[in-house]
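Remarks on the structure that follows.
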Amino acid sequence: MQSSDEFPIAIIGAGFAGIGAAIRLQQAGLRSFTIFERADEIGGTWRDNTYPGCACDVPSHVYSFSFEQNPDWERAYASAGEIQRYLLGCVERHGLRARLRTRTAIIAARFEEATGRWLLQTSAGDTVSARVVIAGVGGLVDPAYPNIPGLERFAGAMFHTARWDHGCDLRGRRVAVIGTGASAVQVVPAIAPIVGHLRVFQRTAPWVMPKRDRAIPEWARRWFARVPPLQTAYRWLLFAVSEAMGPIVFLDSPLSKLGEWASLRHLERSVSDPRLREKLTPHFQFGCKRVLISDDYWPTFERENVELVTEPIREITASGVVTADGREHAVDVLVLATGFKLGLANAPFPITGLGGQTLDRSRGSGGRPSTRRGRTGPWRTRVSR
């Protein structure tokens, strides 16, 4: 059965974007809104990613709302659990639970020209109406699974980092991690001390910079709480340092050589074995892929129970991973650190604007705005009064 409920403002997604938008609407005196979240709790990527070692690679005081600063961050780079607790606190402090509809996915949106409203179809089969739609749909949510022959044949435990199986005891077991991206550089050092043997399958060696993570002392946290402008100033200092690093990762920037030098020096200090260093050395320009930060990823490969495998994977069998050289690596647990389906070129669900034009079709035309009856395109609509 379909129902038609009136929601003047609809926010899709209850991660950082959706929660931040909701708080700002309330602060502006706008309280007629509803947040739709497909999961059973808020948090987005920080709700879903709970793998060992999961943390942010942006400084804690920067990775937070400017209007909801937290003086009690425990570390320079917050863990996933600490960030999730921060977001839950924001929801409770601003009374957003009453305007939150969990377990409700928006699966289609259509703009109705006659009424000047958006009609949103939910996963429950309802149709809701909104004057304004704010899309806070994140990208680091749906896991991307690798297209490796035989993956479905593996008989051991297998899971993606974003769907970590906390019931799987890794102590003393043979574990394989496929991937060497942002999740891998965190999970590999975290599980290496407890597993029996760890194999990391690397396709491309990433550039890694020192993280210099540290606990934030209690006295600093007290000062931030007592003197909020002090924390604001510190936040702006971190922003300035971050922006100053920008030119180092620009494509073809002469300063990228500085980043390469710093990363290679970090590698040399982290790994003593020259043959292992060569395997871990990137052979592409600094900044062409996401630059990772870690203090303990590279040193982990010098542990006796850790092996770096650089041969391409040929297939997965019931008992392990077969590489291109014909070697079968027997493993008990397969961890997929293979990232997310970003879908940057597509709408998160069918979205139809003026004249029946879809968002996917509009993007497919090169992103050029179309004009219709004097308007600037199908996604900038006037609200009738």
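Letters A, B, ... go to the chains of the structure tokens in the order shown; residues in each chain start at 1; ligands are counted from 1 in the same order.
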From range 77-138 of chain A, collect each residue whose DSSP state is alpha helix (DSSP H) and return the set as a list in words.
->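 Put together, the selection reads Ala80, Gly81, Glu82, Ile83, Gln84, Arg85, Tyr86, Leu87, Leu88, Gly89, Cys90, Val91, Glu92 and Arg93 of chain A.
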Return as a PyMOL selection string the full set of residues in range 155-340 of chain A whose backbone-based DSSP assignment is strand (DSSP E).
-> chain A and resi 157-160+174-178+197-201+208-209+292-293+306-309+313-316+320-323+328-330+333-336
Residue with smallest distance to Pro348 in chain A - pool A:Val335, A:Ile148, A:Val137, A:Ala80, counting only C-alpha atoms |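 Between A:Val335, A:Ile148, A:Val137, A:Ala80, the residue approaching Pro348 in chain A most closely is A:Val137.
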Please identify all polymer residues within 10 Å of Glu68 in chain A, counting only C-alpha atoms, omitting same-chain residues fewer than 6 positions from it, and present them as a ChimeraX atom specification.
-> /A:20,23,86-87,90
May I have the residues from that selection written out with N, CA and C atoms, as a compact mmCIF listing (two decimals), in the first residue's frame?
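result23.txt was written with the following content:
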```txt
# COMPACT_ATOMS: atom_id res chain seq x y z
N GLY A 20 25.11 16.64 9.50
CA GLY A 20 25.53 18.04 9.47
C GLY A 20 24.46 18.94 8.86
N ILE A 23 21.58 19.41 11.41
CA ILE A 23 21.92 20.34 12.50
C ILE A 23 21.87 21.78 12.01
N TYR A 86 31.17 10.06 18.43
CA TYR A 86 31.02 11.50 18.22
C TYR A 86 29.73 11.80 17.45
N LEU A 87 29.49 11.05 16.36
CA LEU A 87 28.29 11.27 15.56
C LEU A 87 27.02 10.94 16.35
N CYS A 90 26.30 13.80 18.54
CA CYS A 90 25.70 14.92 17.81
C CYS A 90 24.19 14.73 17.63
```
Shortest contact to Ala98 in chain A, candidates A:Ile12, A:Ile35, A:Ile316, A:Val333, atoms counted only C-alpha atoms, goes to A:Ile35
From A:Ala182, A:Leu100, A:Ile9, A:Leu238, residue lying nearest Phe36 in chain A [only C-alpha atoms] |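 Of A:Ala182, A:Leu100, A:Ile9, A:Leu238, the one nearest Phe36 in chain A, counting only C-alpha atoms, is A:Leu100.
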Calculate how many Å separate CA of Thr115 in chain A from CA of Gly136 in chain A, rounding to one decimal.
->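 Distance between the two atoms: 24.0 Å.
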Test item: residues at most 9 Å from range 187-198 of chain A, only C-alpha atoms, excluding those fewer than 5 positions along its chain, as an MDAnalysis selection string | chainID A and resid 51:54 161 170:177 296:301 303:308 331 337
Those same residues - C-alpha atoms - I'd like them written as an mmCIF file, in the first residue's frame.
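Generated output (selection10.cif):
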```cif
data_model
loop_
_atom_site.group_PDB
_atom_site.id
_atom_site.type_symbol
_atom_site.label_atom_id
_atom_site.label_comp_id
_atom_site.auth_asym_id
_atom_site.auth_seq_id
_atom_site.Cartn_x
_atom_site.Cartn_y
_atom_site.Cartn_z
ATOM 1 C CA TYR A 51 37.843 -3.827 11.223
ATOM 2 C CA PRO A 52 40.884 -3.951 13.552
ATOM 3 C CA GLY A 53 42.923 -0.763 13.328
ATOM 4 C CA CYS A 54 40.203 1.217 11.522
ATOM 5 C CA THR A 161 37.067 -5.273 5.617
ATOM 6 C CA LEU A 170 42.263 -15.057 13.765
ATOM 7 C CA ARG A 171 44.637 -16.168 16.530
ATOM 8 C CA GLY A 172 47.208 -18.600 15.186
ATOM 9 C CA ARG A 173 45.543 -18.943 11.790
ATOM 10 C CA ARG A 174 46.850 -18.533 8.254
ATOM 11 C CA VAL A 175 45.381 -15.290 6.938
ATOM 12 C CA ALA A 176 45.576 -13.667 3.501
ATOM 13 C CA VAL A 177 44.823 -10.001 2.848
ATOM 14 C CA ASP A 296 53.530 0.741 11.276
ATOM 15 C CA TYR A 297 52.455 -0.670 7.882
ATOM 16 C CA TRP A 298 55.889 -1.002 6.270
ATOM 17 C CA PRO A 299 57.671 -2.241 9.448
ATOM 18 C CA THR A 300 55.081 -5.045 9.706
ATOM 19 C CA PHE A 301 56.594 -6.788 6.667
ATOM 20 C CA ARG A 303 57.940 -9.691 11.035
ATOM 21 C CA GLU A 304 58.784 -13.396 10.660
ATOM 22 C CA ASN A 305 55.132 -14.349 10.260
ATOM 23 C CA VAL A 306 54.335 -11.807 7.509
ATOM 24 C CA GLU A 307 54.920 -12.373 3.790
ATOM 25 C CA LEU A 308 54.492 -9.910 0.923
ATOM 26 C CA VAL A 331 45.164 -19.977 3.922
ATOM 27 C CA ALA A 337 40.673 -5.138 1.457
#
```
